[in-house]
Amino acid sequence: MSRLLKLTLVASLFLAGCGETVVDDGAPPVAETEEGVGTSGFNELNLAAGTTVLYEVQVRSANACRPDVGAPWQREACARKISPTIPYRAEGMQCSSLAELKKIRQGTLDDMLEESADYQQGITLRYVKEKVGANMVWLMPLFPNNDTWSIPDPCDDLGSPYAVRDYLHAAGTLSRACIVQGRDEYSPEPCWGNEELDALLQQAHRRGLKVMLDLAFNHFGHNYLMYDYGEFTAVRERTGRGEDLNKLWDFAGTYEANLLRPEVLDTAKELEALAERNAVHRARLAALQRRCPSLSGDRLVRAYHMWREAFDFERERFDCEGYLEHNAPGFYLGSNSYDPASRAGDNFTNEWRDVKFLFHHEENVAHQWEFVRQREYLFRVMNYWVSRGVDGFRLDHTTDPQGGMGPNEWKYLVSKVDYYAWRRGQDRPIFLAEEFGDQMGMNQVVDVMTEGYLFDMCGRQGQTKDTRHVERAIDNMRRFNDHAFTMTTLETHDEHRLTDHTGFDVWTGAGFWGIGATTRSTPMLLMGQEFGEPWGLGFRRSDFLRGRFLGSGNDHPRGPALVDYYRAMIGGRLARENRALVSGSYAFLRSRWTGEADPRLFAQVKWSTDANVVFVFHNLWNQAVEQSYFIDDALASKLHLANGRLYRLVDVFSREQIGECRSGAQLKWDFYVSLSASTRAQWLRLESCD
């Protein structure tokens with residue numbers, strides 16, 4: 001039995017013991033080869049996603065501040081804060097409040113490493129772990145990005161985070177060390193935040209947190225800055241010696257040791273050392289310098305990476321001062337939307353003016369070289385970050401009919417990243433897909449899907465959100481056939497707050513969020529949600545979490561209590577004694593008087609394969625409710641609820657017994673529930689009184 005198969009089996013048995021319904025996703029077994037493991041089975045469902053709670057952070061906004069906002073101690077701390085000076089570069093736009101924008105002092109990766117566990121002092125890893133209780137931090141794109149063309153908002157110096165210009169470096173503007181040196185990603189000798197990201201990964205892991213990076217792979221931002229590994233086999237080399245590129249699906253057969261612990265070649269000194277010790281690199285660099293004798297420093301490094309990848313037709317037009325779209329246009333989608341670009345400017349465009357679309361048409365066999373080249377580069381991006389300790393990826397807008405990116409390409413990328421993680425002895429990364437085009441296809445590739453809950457559950461103002469509405473939202477998650485988990489949340493980074501146009505206050509919204517936490521899912525919070533931040537802050541606005549600052553008008557007077565409430569729900573979900581909550585097995589309860597759902601009170605029971613049972617009740621609105629439920633014999637059998645046995649109900653949050661011990665027959669006939677108007681949820685674990 002291969003090591004990967006053993007690890008997968010152990011994980012499955014562990015979760016089965018914890019009450020998770022183990023799902024057979026139909027993937028073929030891992031095949032043995034001389035290398036120890038074959039290529040199949042590497043995108044099997046990662047069950048760890050079912051016990052993950054995400055906390056999403058926009059690094060530059062999370063700990064941003066203004067020296068004129070907040071309590072005196074907050075203003076003083078902001079005035080001392082090491083923060084980047086970010087010029088306003090937007091073209092064709094004017095900001096009506098540029099002076100106000102410039103007052104904001106942006107956050108850095110270092111801010112998240114501070115020891116505070118108080119959100120009013122900062123959004124830190126310690127706070128996320130100890131106060132919120134999440135176990136995976138999702139970092140919105142922290143790479144150098146387009147901040148000039150068609151930015152999301154005129155009064156914005158963040159730019160378009162999803163229009164990335166360099167996927168192999170964290171932005172230098174996120175590093176205190178770079179800020180102190182007066183350098184960043186734009187400097188002639190760039191300064192990046194990779195060391196700070198390494199420090200964040202190390203501290204997160206020490207605290208029991210995982211880290212997820214955010215990627216958008218159907219496009220690059222304008223003027224992509226090409227960096228790459230020092231050592232790997234380029235597609236140009238493979239095609240030059242006549243290799244069958246389809247054999248790259250055989251990860252063991254095409255294994256490269258240089259991909260195991262890769263180093264990015266990003267300085268002229270490193271390039272010179274590489275050329276000095278390796279004749280192939282020396283000859284390639286000499287050819288480039290004959291073409292571009294004036295290049296030096298960082299420009300020479302980036303040109304070398306493009307020259308190494310460029311095919312002959314691209315080298316004929318190689319622009320020594322250009323970017324990837326100029327020097328290797330075959331990476332990008334051509335203007336006919338099916339072939340790759342043949343020259344600079346020959347690109348498909350739509351309303352996304354801040355990006356250029358990559359060529360992903362795998363079915364266009366006439367241009368297999370170009371397709372495989374960009375696919376292998378995208379693999380190297382993910383592989384690099386996993387090798388440094390990243391635990392997962394959120395994949396933005398995964399399938400794209402225009403660019404051609406589809407489930408099969410993602411299956412290759414996910415499987416190959418898994419393979420090299422296995423070779424390093426790492427846990428498999430968690431893959432989360434934002435998916436609009438081919439949900440059923442991507443459902444079989446990734447571990448978590450973002451679609452299928454948000455709008456179903458939340459709705460807008462005027463839509464009746466009663467028990468039947470909630471039940472339909474939960475049942476709709478079943479369309480994924482219990483393969484990928486659904487990300488259950490009432491927010492994503494570019495959507496409205498859960499209180500916007502829904503009729504929810506922050507407590508009602510938290511209650512609806514908690515319903516998702518009782519399902520087979522991957523719950524998620526957006527920074528500030530847990531303390532009632534009403535500001536619609538995401539990637540479309542350069543601003544700060546005003547709810548952190550006393551007297552700002554956005555600070556909720558009961559913010560700390562709201563944080564505690566989210567913490568209680570998360571802790572209850574993740575506790576092993578409540579393992580039924582992460583199971584896919586559930587039933588909705590019906591009133592013993594009417595045989596129907598009580599529209600005011602959502603009621604369900606969850607159970608695991610080892611007879612762990614939790615009853616879940618949610619008071620959907622601010623009202624006092626009481627109801628008696630009936631459990632029929634068929635459901636009682638699934639719960640292992642015996643008529644003559646005595647049981648107690650233990651409150652998951654308070655850990656206290658509710659009422660006296662009662663027989664199974666009594667519970668089946670009259671399961672009475674009473675919640676005050678201020679009680680949004682009650683989760684009751686069934687235990688034996690014997």
# chains A, B, ... in the order shown; residues from 1 in each chain; ligands from 1

call {"tool": "closest_atom_pairs", "arguments": {"of": "stretch 50-82 of chain A", "to": "stretch 168-179 of chain A", "cutoff": "10 Å", "atoms": "only C-alpha atoms", "output": "tab-separated table"}}
result
residue	atom	partner	partner_atom	distance
A:Val59	CA	A:Leu174	CA	7.8
A:Arg60	CA	A:Leu174	CA	7.1
A:Lys81	CA	A:Arg176	CA	9.7
A:Ile82	CA	A:Arg176	CA	6.4

call {"tool": "residues_around", "arguments": {"residues": "stretch 327-340 of chain A", "least_positions_apart": "4", "cutoff": "8 Å", "atoms": "only C-alpha atoms", "output": "NGL selection string"}}
result
:A and (306-307 or 309-311 or 314-315 or 317-319 or 322-323 or 344 or 346-349 or 356-361 or 364 or 367 or 370-371 or 373-374 or 402-404)

call {"tool": "write_last_selection", "arguments": {"atoms": "C-alpha atoms", "output": "PDB file, in the first residue's frame"}}
result
ATOM      1  CA  MET A 306      10.963  35.267 -20.139  1.00  0.00           C
ATOM      2  CA  TRP A 307      13.761  34.395 -22.590  1.00  0.00           C
ATOM      3  CA  GLU A 309      10.317  30.289 -21.653  1.00  0.00           C
ATOM      4  CA  ALA A 310       9.874  32.099 -24.990  1.00  0.00           C
ATOM      5  CA  PHE A 311       9.371  30.052 -28.154  1.00  0.00           C
ATOM      6  CA  GLU A 314       8.394  35.100 -29.485  1.00  0.00           C
ATOM      7  CA  ARG A 315      12.175  35.487 -29.364  1.00  0.00           C
ATOM      8  CA  ARG A 317      10.084  39.961 -31.391  1.00  0.00           C
ATOM      9  CA  PHE A 318      11.621  39.961 -27.918  1.00  0.00           C
ATOM     10  CA  ASP A 319      11.260  43.429 -26.370  1.00  0.00           C
ATOM     11  CA  GLY A 322       8.919  44.667 -22.029  1.00  0.00           C
ATOM     12  CA  TYR A 323       6.783  42.557 -19.760  1.00  0.00           C
ATOM     13  CA  ALA A 344       1.756  42.071 -28.007  1.00  0.00           C
ATOM     14  CA  ASP A 346      -3.357  40.735 -29.802  1.00  0.00           C
ATOM     15  CA  ASN A 347      -5.486  40.055 -26.741  1.00  0.00           C
ATOM     16  CA  PHE A 348      -9.058  39.228 -25.865  1.00  0.00           C
ATOM     17  CA  THR A 349     -10.678  41.945 -23.782  1.00  0.00           C
ATOM     18  CA  LYS A 356      -5.140  40.291 -19.391  1.00  0.00           C
ATOM     19  CA  PHE A 357      -6.635  36.815 -19.780  1.00  0.00           C
ATOM     20  CA  LEU A 358      -4.402  33.757 -19.943  1.00  0.00           C
ATOM     21  CA  PHE A 359      -4.701  31.111 -22.676  1.00  0.00           C
ATOM     22  CA  HIS A 360      -6.376  28.039 -21.151  1.00  0.00           C
ATOM     23  CA  HIS A 361      -7.975  26.308 -24.153  1.00  0.00           C
ATOM     24  CA  ASN A 364      -6.928  23.592 -28.882  1.00  0.00           C
ATOM     25  CA  HIS A 367      -1.384  25.253 -29.449  1.00  0.00           C
ATOM     26  CA  GLU A 370       1.473  27.425 -25.150  1.00  0.00           C
ATOM     27  CA  PHE A 371      -1.234  25.854 -23.006  1.00  0.00           C
ATOM     28  CA  ARG A 373       3.668  26.245 -20.677  1.00  0.00           C
ATOM     29  CA  GLN A 374       1.289  28.485 -18.740  1.00  0.00           C
ATOM     30  CA  GLN A 402     -13.905  32.511 -22.555  1.00  0.00           C
ATOM     31  CA  GLY A 403     -10.343  31.898 -21.393  1.00  0.00           C
ATOM     32  CA  GLY A 404     -10.915  28.152 -21.466  1.00  0.00           C
TER      33      GLY A 404
END

call {"tool": "atom_distance", "arguments": {"atom1": "atom CA of A:Pro141", "atom2": "atom CA of A:Gly182"}}
result
22.5 Å

call {"tool": "residues_around", "arguments": {"residues": "stretch 387-401 of chain A", "least_positions_apart": "2", "cutoff": "7 Å", "atoms": "only C-alpha atoms", "output": "PyMOL selection string"}}
result
chain A and resi 201+210-216+261+383-385+403-407+429-438

call {"tool": "atom_distance", "arguments": {"atom1": "atom CA of A:Glu276", "atom2": "atom CA of A:Glu189"}}
result
21.8 Å

call {"tool": "residues_around", "arguments": {"residues": "stretch 155-158 of chain A", "least_positions_apart": "6", "cutoff": "9 Å", "atoms": "only C-alpha atoms", "output": "PyMOL selection string"}}
result
chain A and resi 60+86-90+93-98+101-102+145-148+539-543

call {"tool": "write_last_selection", "arguments": {"atoms": "C-alpha atoms", "output": "mmCIF file, in the first residue's frame"}}
result
data_model
loop_
_atom_site.group_PDB
_atom_site.id
_atom_site.type_symbol
_atom_site.label_atom_id
_atom_site.label_comp_id
_atom_site.auth_asym_id
_atom_site.auth_seq_id
_atom_site.Cartn_x
_atom_site.Cartn_y
_atom_site.Cartn_z
ATOM 1 C CA ARG A 60 -3.443 46.130 4.251
ATOM 2 C CA ILE A 86 1.612 54.535 -1.094
ATOM 3 C CA PRO A 87 1.355 57.031 -3.952
ATOM 4 C CA TYR A 88 -1.949 57.407 -5.752
ATOM 5 C CA ARG A 89 -1.322 56.107 -9.275
ATOM 6 C CA ALA A 90 -4.804 55.718 -10.789
ATOM 7 C CA MET A 93 -9.756 58.733 -12.379
ATOM 8 C CA GLN A 94 -10.012 61.437 -9.772
ATOM 9 C CA CYS A 95 -10.540 60.918 -6.064
ATOM 10 C CA SER A 96 -12.819 63.476 -4.469
ATOM 11 C CA SER A 97 -11.360 62.792 -1.013
ATOM 12 C CA LEU A 98 -7.706 62.128 -1.759
ATOM 13 C CA LEU A 101 -7.405 58.650 1.687
ATOM 14 C CA LYS A 102 -3.822 59.689 2.413
ATOM 15 C CA ASN A 145 -0.777 44.058 -8.281
ATOM 16 C CA ASN A 146 -2.180 46.547 -10.753
ATOM 17 C CA ASP A 147 -2.965 49.806 -8.992
ATOM 18 C CA THR A 148 -3.125 52.002 -12.073
ATOM 19 C CA PHE A 539 -11.182 44.437 -1.992
ATOM 20 C CA ARG A 540 -13.078 47.275 -3.667
ATOM 21 C CA ARG A 541 -12.163 49.989 -1.201
ATOM 22 C CA SER A 542 -8.969 51.233 0.409
ATOM 23 C CA ASP A 543 -10.067 51.844 3.967
#

call {"tool": "select_by_dssp", "arguments": {"residues": "stretch 390-627 of chain A", "states": "helix (DSSP H, G or I)", "output": "VMD selection string"}}
result
chain A and resid 407 to 423 439 to 443 454 to 458 467 to 480 506 to 516 529 to 531 546 to 548 559 to 574 576 to 582

call {"tool": "write_last_selection", "arguments": {"atoms": "C-alpha atoms", "output": "mmCIF file, in the first residue's frame"}}
result
data_model
loop_
_atom_site.group_PDB
_atom_site.id
_atom_site.type_symbol
_atom_site.label_atom_id
_atom_site.label_comp_id
_atom_site.auth_asym_id
_atom_site.auth_seq_id
_atom_site.Cartn_x
_atom_site.Cartn_y
_atom_site.Cartn_z
ATOM 1 C CA PRO A 407 -12.031 21.315 -14.360
ATOM 2 C CA ASN A 408 -9.496 19.098 -16.144
ATOM 3 C CA GLU A 409 -6.777 21.727 -15.960
ATOM 4 C CA TRP A 410 -7.586 22.304 -12.285
ATOM 5 C CA LYS A 411 -7.470 18.553 -11.701
ATOM 6 C CA TYR A 412 -3.934 18.541 -13.103
ATOM 7 C CA LEU A 413 -2.838 21.503 -10.989
ATOM 8 C CA VAL A 414 -4.407 20.254 -7.757
ATOM 9 C CA SER A 415 -3.143 16.702 -8.250
ATOM 10 C CA LYS A 416 0.406 17.760 -9.063
ATOM 11 C CA VAL A 417 0.577 20.112 -6.081
ATOM 12 C CA ASP A 418 -0.710 17.250 -3.904
ATOM 13 C CA TYR A 419 1.918 14.919 -5.358
ATOM 14 C CA TYR A 420 4.865 17.172 -4.513
ATOM 15 C CA ALA A 421 3.395 17.904 -1.071
ATOM 16 C CA TRP A 422 3.324 14.136 -0.503
ATOM 17 C CA ARG A 423 6.955 13.845 -1.658
ATOM 18 C CA GLN A 439 -20.052 23.667 -10.399
ATOM 19 C CA MET A 440 -20.542 19.948 -10.897
ATOM 20 C CA GLY A 441 -17.182 19.594 -12.655
ATOM 21 C CA MET A 442 -15.227 21.535 -10.053
ATOM 22 C CA ASN A 443 -17.101 19.771 -7.261
ATOM 23 C CA LEU A 454 -24.646 32.598 0.494
ATOM 24 C CA PHE A 455 -27.600 33.875 -1.503
ATOM 25 C CA ASP A 456 -29.787 30.878 -0.699
ATOM 26 C CA MET A 457 -29.587 31.493 3.027
ATOM 27 C CA CYS A 458 -29.136 35.244 3.269
ATOM 28 C CA THR A 467 -37.716 27.762 8.659
ATOM 29 C CA ARG A 468 -38.754 26.475 5.237
ATOM 30 C CA HIS A 469 -36.405 28.996 3.605
ATOM 31 C CA VAL A 470 -33.519 27.757 5.751
ATOM 32 C CA GLU A 471 -34.343 24.100 5.068
ATOM 33 C CA ARG A 472 -34.335 24.709 1.306
ATOM 34 C CA ALA A 473 -30.905 26.373 1.548
ATOM 35 C CA ILE A 474 -29.448 23.414 3.447
ATOM 36 C CA ASP A 475 -31.029 20.824 1.160
ATOM 37 C CA ASN A 476 -29.666 22.704 -1.866
ATOM 38 C CA MET A 477 -26.123 21.963 -0.671
ATOM 39 C CA ARG A 478 -26.860 18.318 -1.474
ATOM 40 C CA ARG A 479 -26.518 19.003 -5.178
ATOM 41 C CA PHE A 480 -22.779 18.516 -4.752
ATOM 42 C CA VAL A 506 -25.705 41.675 13.912
ATOM 43 C CA TRP A 507 -27.154 39.147 16.368
ATOM 44 C CA THR A 508 -29.730 37.784 13.936
ATOM 45 C CA GLY A 509 -27.038 37.605 11.277
ATOM 46 C CA ALA A 510 -24.750 35.728 13.649
ATOM 47 C CA GLY A 511 -27.549 33.269 14.318
ATOM 48 C CA PHE A 512 -28.050 32.613 10.614
ATOM 49 C CA TRP A 513 -24.269 32.224 10.259
ATOM 50 C CA GLY A 514 -24.391 29.666 13.047
ATOM 51 C CA ILE A 515 -26.865 27.532 11.111
ATOM 52 C CA GLY A 516 -24.143 26.979 8.533
ATOM 53 C CA GLN A 529 -17.977 40.346 10.970
ATOM 54 C CA GLU A 530 -17.401 38.916 14.428
ATOM 55 C CA PHE A 531 -17.504 42.313 16.167
ATOM 56 C CA ARG A 546 -13.713 51.395 11.673
ATOM 57 C CA GLY A 547 -15.467 49.005 14.030
ATOM 58 C CA ARG A 548 -12.124 48.460 15.786
ATOM 59 C CA GLY A 559 -18.724 43.983 20.040
ATOM 60 C CA PRO A 560 -16.726 41.857 22.520
ATOM 61 C CA ALA A 561 -19.866 39.909 23.449
ATOM 62 C CA LEU A 562 -20.571 39.282 19.768
ATOM 63 C CA VAL A 563 -17.011 37.962 19.337
ATOM 64 C CA ASP A 564 -17.628 35.617 22.267
ATOM 65 C CA TYR A 565 -20.833 34.385 20.625
ATOM 66 C CA TYR A 566 -19.057 33.502 17.374
ATOM 67 C CA ARG A 567 -16.312 31.880 19.432
ATOM 68 C CA ALA A 568 -18.855 29.734 21.252
ATOM 69 C CA MET A 569 -20.417 28.543 18.003
ATOM 70 C CA ILE A 570 -17.045 27.782 16.430
ATOM 71 C CA GLY A 571 -15.804 26.023 19.554
ATOM 72 C CA GLY A 572 -18.981 23.972 19.718
ATOM 73 C CA ARG A 573 -18.643 22.928 16.097
ATOM 74 C CA LEU A 574 -14.996 21.891 16.403
ATOM 75 C CA ARG A 576 -14.955 16.287 19.289
ATOM 76 C CA GLU A 577 -17.834 15.632 21.682
ATOM 77 C CA ASN A 578 -20.118 17.401 19.149
ATOM 78 C CA ARG A 579 -18.727 15.597 16.114
ATOM 79 C CA ALA A 580 -22.218 15.027 14.716
ATOM 80 C CA LEU A 581 -22.262 18.709 13.702
ATOM 81 C CA VAL A 582 -19.728 18.113 10.906
#

call {"tool": "residues_around", "arguments": {"residues": "stretch 588-599 of chain A", "least_positions_apart": "2", "cutoff": "8 Å", "atoms": "only C-alpha atoms", "output": "PyMOL selection string"}}
result
chain A and resi 466-468+471+586+601-605+627-631+669-670

call {"tool": "write_last_selection", "arguments": {"atoms": "C-alpha atoms", "output": "mmCIF file, in the first residue's frame"}}
result
data_model
loop_
_atom_site.group_PDB
_atom_site.id
_atom_site.type_symbol
_atom_site.label_atom_id
_atom_site.label_comp_id
_atom_site.auth_asym_id
_atom_site.auth_seq_id
_atom_site.Cartn_x
_atom_site.Cartn_y
_atom_site.Cartn_z
ATOM 1 C CA ASP A 466 -38.410 31.404 7.831
ATOM 2 C CA THR A 467 -37.716 27.762 8.659
ATOM 3 C CA ARG A 468 -38.754 26.475 5.237
ATOM 4 C CA GLU A 471 -34.343 24.100 5.068
ATOM 5 C CA TYR A 586 -29.389 15.294 9.370
ATOM 6 C CA LEU A 601 -37.788 28.063 14.918
ATOM 7 C CA PHE A 602 -35.374 26.100 12.740
ATOM 8 C CA ALA A 603 -35.009 22.612 14.221
ATOM 9 C CA GLN A 604 -32.817 19.761 13.055
ATOM 10 C CA VAL A 605 -31.007 16.781 14.500
ATOM 11 C CA GLN A 627 -42.457 24.286 20.517
ATOM 12 C CA SER A 628 -42.840 20.556 21.057
ATOM 13 C CA TYR A 629 -41.390 18.169 18.490
ATOM 14 C CA PHE A 630 -42.139 14.547 17.677
ATOM 15 C CA ILE A 631 -39.495 11.962 16.682
ATOM 16 C CA TRP A 669 -43.249 11.892 22.071
ATOM 17 C CA ASP A 670 -42.597 15.402 23.399
#

call {"tool": "atom_distance", "arguments": {"atom1": "atom CA of A:Asn643", "atom2": "atom CA of A:Tyr672"}}
result
16.8 Å

call {"tool": "select_by_dssp", "arguments": {"residues": "stretch 163-278 of chain A", "states": "strand (DSSP E or B)", "output": "number ranges by chain"}}
result
A: 163-164, 210-215, 219-221, 228-229, 264-265

call {"tool": "write_last_selection", "arguments": {"atoms": "C-alpha atoms", "output": "PDB file, in the first residue's frame"}}
result
ATOM      1  CA  ALA A 163      -4.943  41.732 -10.974  1.00  0.00           C
ATOM      2  CA  VAL A 164      -1.628  40.235  -9.830  1.00  0.00           C
ATOM      3  CA  LYS A 210      -3.328  27.051   8.907  1.00  0.00           C
ATOM      4  CA  VAL A 211      -2.818  29.692   6.213  1.00  0.00           C
ATOM      5  CA  MET A 212      -4.606  29.963   2.862  1.00  0.00           C
ATOM      6  CA  LEU A 213      -3.492  32.191  -0.016  1.00  0.00           C
ATOM      7  CA  ASP A 214      -5.840  33.688  -2.599  1.00  0.00           C
ATOM      8  CA  LEU A 215      -5.084  33.137  -6.316  1.00  0.00           C
ATOM      9  CA  HIS A 219      -5.746  36.177 -15.825  1.00  0.00           C
ATOM     10  CA  PHE A 220      -2.714  38.243 -14.820  1.00  0.00           C
ATOM     11  CA  GLY A 221      -2.629  41.949 -14.104  1.00  0.00           C
ATOM     12  CA  ASP A 228      10.515  31.786 -11.686  1.00  0.00           C
ATOM     13  CA  TYR A 229      12.532  28.988 -10.132  1.00  0.00           C
ATOM     14  CA  VAL A 264      13.029  31.658  -6.752  1.00  0.00           C
ATOM     15  CA  LEU A 265      15.737  33.236  -8.904  1.00  0.00           C
TER      16      LEU A 265
END

call {"tool": "closest_residue", "arguments": {"among": "A:Leu113, A:Ala634, A:Met527, A:Ile151", "to": "A:Val57", "atoms": "only C-alpha atoms"}}
result
A:Met527

call {"tool": "closest_atom_pairs", "arguments": {"of": "stretch 96-188 of chain A", "to": "stretch 62-73 of chain A", "cutoff": "7 Å", "atoms": "only C-alpha atoms", "output": "JSON lines"}}
result
{"residue": "A:Lys103", "atom": "CA", "partner": "A:Arg66", "partner_atom": "CA", "distance": 5.9}
{"residue": "A:Ile104", "atom": "CA", "partner": "A:Arg66", "partner_atom": "CA", "distance": 4.9}
{"residue": "A:Arg105", "atom": "CA", "partner": "A:Cys65", "partner_atom": "CA", "distance": 5.3}
{"residue": "A:Gln106", "atom": "CA", "partner": "A:Ala64", "partner_atom": "CA", "distance": 4.3}
{"residue": "A:Gly107", "atom": "CA", "partner": "A:Ala64", "partner_atom": "CA", "distance": 4.6}
{"residue": "A:Asp111", "atom": "CA", "partner": "A:Asn63", "partner_atom": "CA", "distance": 6.7}
{"residue": "A:Gly122", "atom": "CA", "partner": "A:Asn63", "partner_atom": "CA", "distance": 5.7}
{"residue": "A:Ile123", "atom": "CA", "partner": "A:Asn63", "partner_atom": "CA", "distance": 6.1}

call {"tool": "residues_around", "arguments": {"residues": "stretch 270-274 of chain A", "least_positions_apart": "5", "cutoff": "10 Å", "atoms": "only C-alpha atoms", "output": "JSON, numbers by chain"}}
result
{"A": [230, 231, 264, 265, 279, 280, 281, 282, 285, 297, 300, 301, 304]}

call {"tool": "write_last_selection", "arguments": {"atoms": "N, CA and C atoms", "output": "JSON list (two decimals), in the first residue's frame"}}
result
[["chain", "number", "residue", "atom", "x", "y", "z"],
["A", 230, "GLY", "N", 14.94, 28.87, -10.11],
["A", 230, "GLY", "CA", 16.25, 28.84, -10.74],
["A", 230, "GLY", "C", 16.43, 27.60, -11.60],
["A", 231, "GLU", "N", 15.94, 26.47, -11.11],
["A", 231, "GLU", "CA", 16.14, 25.20, -11.81],
["A", 231, "GLU", "C", 14.82, 24.48, -12.02],
["A", 264, "VAL", "N", 13.31, 30.70, -5.69],
["A", 264, "VAL", "CA", 13.03, 31.66, -6.75],
["A", 264, "VAL", "C", 14.31, 32.40, -7.11],
["A", 265, "LEU", "N", 14.59, 32.48, -8.39],
["A", 265, "LEU", "CA", 15.74, 33.24, -8.90],
["A", 265, "LEU", "C", 15.26, 34.68, -9.10],
["A", 279, "ALA", "N", 26.60, 25.36, -17.50],
["A", 279, "ALA", "CA", 26.89, 25.76, -18.88],
["A", 279, "ALA", "C", 25.63, 26.09, -19.67],
["A", 280, "VAL", "N", 24.55, 25.36, -19.41],
["A", 280, "VAL", "CA", 23.30, 25.62, -20.14],
["A", 280, "VAL", "C", 22.79, 27.02, -19.82],
["A", 281, "HIS", "N", 22.77, 27.34, -18.54],
["A", 281, "HIS", "CA", 22.32, 28.67, -18.14],
["A", 281, "HIS", "C", 23.28, 29.74, -18.66],
["A", 282, "ARG", "N", 24.56, 29.42, -18.67],
["A", 282, "ARG", "CA", 25.56, 30.39, -19.14],
["A", 282, "ARG", "C", 25.34, 30.72, -20.61],
["A", 285, "LEU", "N", 22.03, 32.78, -21.00],
["A", 285, "LEU", "CA", 22.21, 34.16, -20.58],
["A", 285, "LEU", "C", 23.02, 34.94, -21.61],
["A", 297, "GLY", "N", 20.66, 44.16, -13.57],
["A", 297, "GLY", "CA", 19.88, 44.14, -12.34],
["A", 297, "GLY", "C", 18.58, 43.37, -12.47],
["A", 300, "LEU", "N", 17.23, 42.49, -15.97],
["A", 300, "LEU", "CA", 17.91, 41.36, -16.60],
["A", 300, "LEU", "C", 17.37, 40.04, -16.06],
["A", 301, "VAL", "N", 17.12, 39.98, -14.76],
["A", 301, "VAL", "CA", 16.60, 38.75, -14.15],
["A", 301, "VAL", "C", 15.25, 38.40, -14.76],
["A", 304, "TYR", "N", 15.52, 37.31, -18.32],
["A", 304, "TYR", "CA", 16.07, 35.96, -18.43],
["A", 304, "TYR", "C", 14.97, 34.91, -18.26]]

call {"tool": "decode", "arguments": {"residues": "stretch 581-608 of chain A", "atoms": "C-alpha atoms", "output": "mmCIF file, in the first residue's frame"}}
result
data_model
loop_
_atom_site.group_PDB
_atom_site.id
_atom_site.type_symbol
_atom_site.label_atom_id
_atom_site.label_comp_id
_atom_site.auth_asym_id
_atom_site.auth_seq_id
_atom_site.Cartn_x
_atom_site.Cartn_y
_atom_site.Cartn_z
ATOM 1 C CA LEU A 581 -22.262 18.709 13.702
ATOM 2 C CA VAL A 582 -19.728 18.113 10.906
ATOM 3 C CA SER A 583 -21.567 15.028 9.659
ATOM 4 C CA GLY A 584 -23.649 14.949 6.502
ATOM 5 C CA SER A 585 -26.459 13.115 8.293
ATOM 6 C CA TYR A 586 -29.389 15.294 9.370
ATOM 7 C CA ALA A 587 -33.154 15.469 9.630
ATOM 8 C CA PHE A 588 -35.508 18.404 10.132
ATOM 9 C CA LEU A 589 -37.860 18.174 13.096
ATOM 10 C CA ARG A 590 -41.626 18.667 12.936
ATOM 11 C CA SER A 591 -44.110 19.935 15.506
ATOM 12 C CA ARG A 592 -45.936 17.182 17.363
ATOM 13 C CA TRP A 593 -49.082 19.338 17.183
ATOM 14 C CA THR A 594 -49.183 20.224 13.488
ATOM 15 C CA GLY A 595 -46.740 17.825 11.840
ATOM 16 C CA GLU A 596 -45.228 20.880 10.110
ATOM 17 C CA ALA A 597 -42.142 23.048 10.533
ATOM 18 C CA ASP A 598 -42.487 25.904 12.991
ATOM 19 C CA PRO A 599 -41.692 28.920 10.749
ATOM 20 C CA ARG A 600 -40.096 30.781 13.665
ATOM 21 C CA LEU A 601 -37.788 28.063 14.918
ATOM 22 C CA PHE A 602 -35.374 26.100 12.740
ATOM 23 C CA ALA A 603 -35.009 22.612 14.221
ATOM 24 C CA GLN A 604 -32.817 19.761 13.055
ATOM 25 C CA VAL A 605 -31.007 16.781 14.500
ATOM 26 C CA LYS A 606 -27.487 15.732 13.451
ATOM 27 C CA TRP A 607 -25.960 12.304 14.008
ATOM 28 C CA SER A 608 -22.685 10.547 13.295
#
